[in-house]
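Q: Handing you a structure now.
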Amino acid sequence: MPAAPNYGDAPPKFLESSRPGRPGAGPPHEICDFAGAPGGAEASVASCARSVTHLRDALSHVLAGSFAPAADAAKHAADLGVASPVKLSSRAVHAGRDLKARSPLAPDLSTAAVHVYTDLDDYDAVARGERPGHYYGRNSNSNREMLEKAVAELEGAEAGLATASGMAALHSAMLALAPRPATIVATRELYGGTMALLRQDFEPAGYEVNFIDLGDLDTVRRAIDGAGLVLAETITNPLCGVPDLEAIAAMARERGVPFLVDNTFASPILCRPLELGATAVMHSATKYIGGHSDLVAGVAAGDAGSIGAARARSVRTGTTLGPFDAWLALRGLRTLDVRMRRHSHNSLALARAMQAMAGVTRVHHPLLEGSPTFAVATRLMPRGAGGMMAFDLEGGRSAVQRMLSRFRLVAFAASLGGVETTISYPEITSHRSLTPQERLELGVTPGTVRVSVGIEDADDIIADFAQALSA
Ligand SMILES: Cc1ncc(COP(=O)(O)O)c(C=O)c1O
């Protein structure tokens, strides 16, 4: 049972949560996972057979036109102690909705700012959260609710919250997990906007921020003692390192420190930090979840108590997501699995090809042999690492400008995660608030270019970089 919503600033209840998908519970998303099933081989075979039955049932419901929502199917499977019968790729397509006879297959867009009621007790019950329904658009909306449920389901979380941007999701989640001034331990390779939020909003409010190298687990161990929050990104920006989220989560949990992960670059298709032991995750849904560079949105997911507190603050401060962006984000989510596979394939192909290209002195990709965090990335993201990579170009800014003016297909854009291949130049985009010295300390040089590899044909992407960099 989810914990009761926490609408105040009380410390989160995350330490008490023990749901399927936590470390030790076995991988929840795949069927026939013998290693994860309790009770040895016999029980494993029996549980596998039950899983197959559930998958068949779930699919036959789809075919018969009465789809059993994936969340129900997962709950059914969990009640039986078996792994979820519906694979992640199928859940991306169906999660968050509850189809009934004559339901529209694609969700209607509900733009109403307010709903009417004829019974005061009914309104009261809905406003108290005791009955389903919507009453005022800032508090809830059917499109937002579907997106929240879908992301929560894909992340293996009890609850989700959709916000007006990734920064709003981060802000609400951070304050839910660390409501009072405390030490925040954060990766020093944070997205620049997050760095600015910490320095310009959290530090003046009395928080102390300790920026460390999350790749160095001894430093992490020392820094976590007495901290109020640990903040990491699944894949660092722009140099694409992968911190050992599992080891960091274990240390944080041992010390009772909440652990928040920005999972924007990986998406729940490639990495699910809650299963690795994190307390909560957030996304800039502007990126891969939306996937088409046509919306700005954020989502946070975690235990019901923490997300309840984040939701209450987001409602009070008015940062909840509008219906159309929620509708678009859910539409994007439906193809997330196929897009992430293609992004992952293309980025690795480009990274490998770039190693031989003119003027390229270094290529950064989580799954490139020789990458400093190759072993961790392979363990945490066995299906691929998404579309993000970077490279260092000889000749600095003028060489980057030369390449940019020669591109035929690739565009310069200060965002990522869309279907089209884009580059960004951290010196003037994500890391512009840092001094040149601070950038150099992170390994970001005047020749560093970040690439968000799209879903075009890999040969065309490689050819465009090759011609743009040729003599
Ligand atoms: C890793 C990461 N987190 C958070 C954000 C903030 O997201 P938004 O722009 O949707 O507020 C971004 C934006 O680029 C990002 O790259």
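Residue numbers start at 1 in each chain; chains themselves are named A, B, ... in the order of the structure tokens; ligands are numbered from 1 in the order shown.
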Within 8 Å of ligand 1 (counting only C-alpha atoms and all ligand atoms), which residues show up? I'd like them as a ChimeraX atom specification.

A: /A:164-170,190-191,193-194,233,236-237,262-265,283-287,296-298,414-416,430

Q: Set out as a tab-separated table a contact list for region 94-212 of chain A and region 218-227 of chain A with a cut-off of 8 Å, giving each residue of region 94-212 of chain A that qualifies its closest atom pair and distance in Å to one decimal, counting only C-alpha atoms, ordered by chain and rising residue number.

A:
residue	atom	partner	partner_atom	distance
A:Ala182	CA	A:Ala227	CA	6.6
A:Thr183	CA	A:Ala227	CA	4.8
A:Ile184	CA	A:Ala227	CA	6.2
A:Val185	CA	A:Ile224	CA	6.8
A:Asn210	CA	A:Ala223	CA	7.7
A:Ile212	CA	A:Val220	CA	7.4

Q: Excluding Pro107 (chain A) and its own-chain neighbours fewer than 6 positions away, which residues fall within 9 Å of it when counting only C-alpha atoms? Please give them as a list of chain:residue names.

A: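 Everything that qualifies: A:Arg97, A:Asn143, A:Met146, A:Trp327.
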
Q: Could you pull out all residues of region 235-399 of chain A with a DSSP call of helix (DSSP H, G or I) and give them as a ChimeraX atom specification?

A: /A:245-254,267-270,273-276,304-317,323-333,336-354,374-380,396-399

Q: Determine, counting only C-alpha atoms, which protein, DNA and RNA residues have an atom within 6 Å of an atom of region 387-393 of chain A; residues of the same chain fewer than 3 positions away are not included. Present the result as an MDAnalysis selection string.

A: chainID A and resid 239 343:344 347 359:365 447:453

Q: Out of A:Ser433, A:Ile269, A:Ala178, A:Leu245, which residue has the shortest atom-to-atom distance to Leu197 (chain A) when counting only C-alpha atoms?

A: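 Among A:Ser433, A:Ile269, A:Ala178, A:Leu245, it is A:Ser433 that comes nearest to Leu197 (chain A).
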
Q: Out of region 49-228 of chain A, which residues get strand (DSSP E) from DSSP, as a ChimeraX atom specification?

A: /A:159-163,183-187,208-212

Q: Quick one: write out the picked residues with N, CA and C atoms as a CSV table (one decimal), in the first residue's frame?

A:
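The result, stored in part-v2.csv:
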chain,number,residue,atom,x,y,z
A,159,ALA,N,4.6,6.8,-7.2
A,159,ALA,CA,3.8,8.0,-7.6
A,159,ALA,C,4.7,8.9,-8.5
A,160,GLY,N,4.0,9.7,-9.3
A,160,GLY,CA,4.7,10.6,-10.2
A,160,GLY,C,4.1,12.0,-10.1
A,161,LEU,N,4.9,13.0,-10.5
A,161,LEU,CA,4.5,14.4,-10.5
A,161,LEU,C,5.0,15.0,-11.8
A,162,ALA,N,4.1,15.6,-12.6
A,162,ALA,CA,4.5,16.3,-13.8
A,162,ALA,C,4.5,17.8,-13.6
A,163,THR,N,5.5,18.4,-14.0
A,163,THR,CA,5.7,19.9,-13.8
A,163,THR,C,6.0,20.7,-15.1
A,183,THR,N,23.3,19.9,4.1
A,183,THR,CA,24.3,19.8,3.1
A,183,THR,C,23.8,19.0,2.0
A,184,ILE,N,24.0,19.5,0.7
A,184,ILE,CA,23.6,18.8,-0.5
A,184,ILE,C,24.9,18.3,-1.1
A,185,VAL,N,25.1,17.0,-1.3
A,185,VAL,CA,26.3,16.5,-1.9
A,185,VAL,C,25.8,16.3,-3.4
A,186,ALA,N,26.5,16.9,-4.3
A,186,ALA,CA,26.1,16.9,-5.7
A,186,ALA,C,27.3,16.6,-6.6
A,187,THR,N,27.1,15.9,-7.7
A,187,THR,CA,28.2,15.7,-8.6
A,187,THR,C,28.7,17.0,-9.2
A,208,GLU,N,24.2,24.1,2.2
A,208,GLU,CA,25.6,24.1,1.8
A,208,GLU,C,25.7,23.1,0.7
A,209,VAL,N,26.4,23.4,-0.4
A,209,VAL,CA,26.5,22.5,-1.5
A,209,VAL,C,27.9,22.0,-1.6
A,210,ASN,N,28.1,20.7,-1.6
A,210,ASN,CA,29.4,20.1,-1.6
A,210,ASN,C,29.5,19.4,-3.0
A,211,PHE,N,30.2,20.0,-4.0
A,211,PHE,CA,30.3,19.5,-5.3
A,211,PHE,C,31.5,18.5,-5.3
A,212,ILE,N,31.2,17.2,-5.6
A,212,ILE,CA,32.3,16.2,-5.6
A,212,ILE,C,32.3,15.4,-6.8

Q: Which residue out of A:Met354, A:Leu409, A:Val376, A:Val93 has the minimum interatomic distance to Val242 (chain A) when only C-alpha atoms are used?

A: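 Under the stated criterion, the closest residue is A:Val376.
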
Q: Show me, as a PyMOL selection string, the residues that have an atom within 12 Å of Val281 (chain A) when counting only C-alpha atoms, minus same-chain residues fewer than 6 positions from it.

A: chain A and resi 151-152+154-161+166+169-174+177+230-234+245+258-268+271-275+298-303+306-307+310

Q: Using only C-alpha atoms, can you tell me which of A:Pro382, A:His115, A:His345, A:Leu109 comes closest to Asp325 (chain A)?

A: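 Using only C-alpha atoms, the shortest distance to Asp325 (chain A) belongs to A:Leu109.
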
Q: Counting only C-alpha atoms, what is within 10 Å of Leu175 (chain A), bar same-chain residues fewer than 6 positions away, as a ChimeraX atom specification?

A: /A:9,181,202,229,306,309-310,313

Q: Could you turn the residues from that selection into a file that holds N, CA and C atoms, as a PDB file, in the first residue's frame?

A:
ATOM      1  N   ASP A   9       5.944  19.601   5.272  1.00  0.00           N
ATOM      2  CA  ASP A   9       7.382  19.565   5.089  1.00  0.00           C
ATOM      3  C   ASP A   9       8.026  18.505   5.962  1.00  0.00           C
ATOM      4  N   PRO A 181      17.332  23.592   5.453  1.00  0.00           N
ATOM      5  CA  PRO A 181      18.730  23.747   5.073  1.00  0.00           C
ATOM      6  C   PRO A 181      19.597  22.596   5.581  1.00  0.00           C
ATOM      7  N   PHE A 202      19.572  27.692  -3.591  1.00  0.00           N
ATOM      8  CA  PHE A 202      19.708  26.861  -2.387  1.00  0.00           C
ATOM      9  C   PHE A 202      20.769  27.422  -1.434  1.00  0.00           C
ATOM     10  N   LEU A 229      21.076  15.418   1.505  1.00  0.00           N
ATOM     11  CA  LEU A 229      20.619  14.974   0.186  1.00  0.00           C
ATOM     12  C   LEU A 229      21.834  14.684  -0.695  1.00  0.00           C
ATOM     13  N   SER A 306       7.108  11.155  -0.542  1.00  0.00           N
ATOM     14  CA  SER A 306       7.995  12.196  -1.094  1.00  0.00           C
ATOM     15  C   SER A 306       7.332  12.920  -2.257  1.00  0.00           C
ATOM     16  N   ALA A 309       4.636  15.278  -1.141  1.00  0.00           N
ATOM     17  CA  ALA A 309       5.175  16.558  -0.651  1.00  0.00           C
ATOM     18  C   ALA A 309       5.606  17.441  -1.823  1.00  0.00           C
ATOM     19  N   ALA A 310       6.236  16.810  -2.841  1.00  0.00           N
ATOM     20  CA  ALA A 310       6.662  17.575  -4.022  1.00  0.00           C
ATOM     21  C   ALA A 310       5.435  18.130  -4.752  1.00  0.00           C
ATOM     22  N   ARG A 313       3.901  21.156  -2.953  1.00  0.00           N
ATOM     23  CA  ARG A 313       4.656  22.392  -3.181  1.00  0.00           C
ATOM     24  C   ARG A 313       4.455  22.902  -4.606  1.00  0.00           C
TER      25      ARG A 313
END

Q: Calculated over only C-alpha atoms, which of the candidates A:Leu469, A:Glu246, A:Arg316, A:Pro446 has the smallest distance to Ser405 (chain A)?

A: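 Smallest separation from Ser405 (chain A) among the options: A:Leu469.
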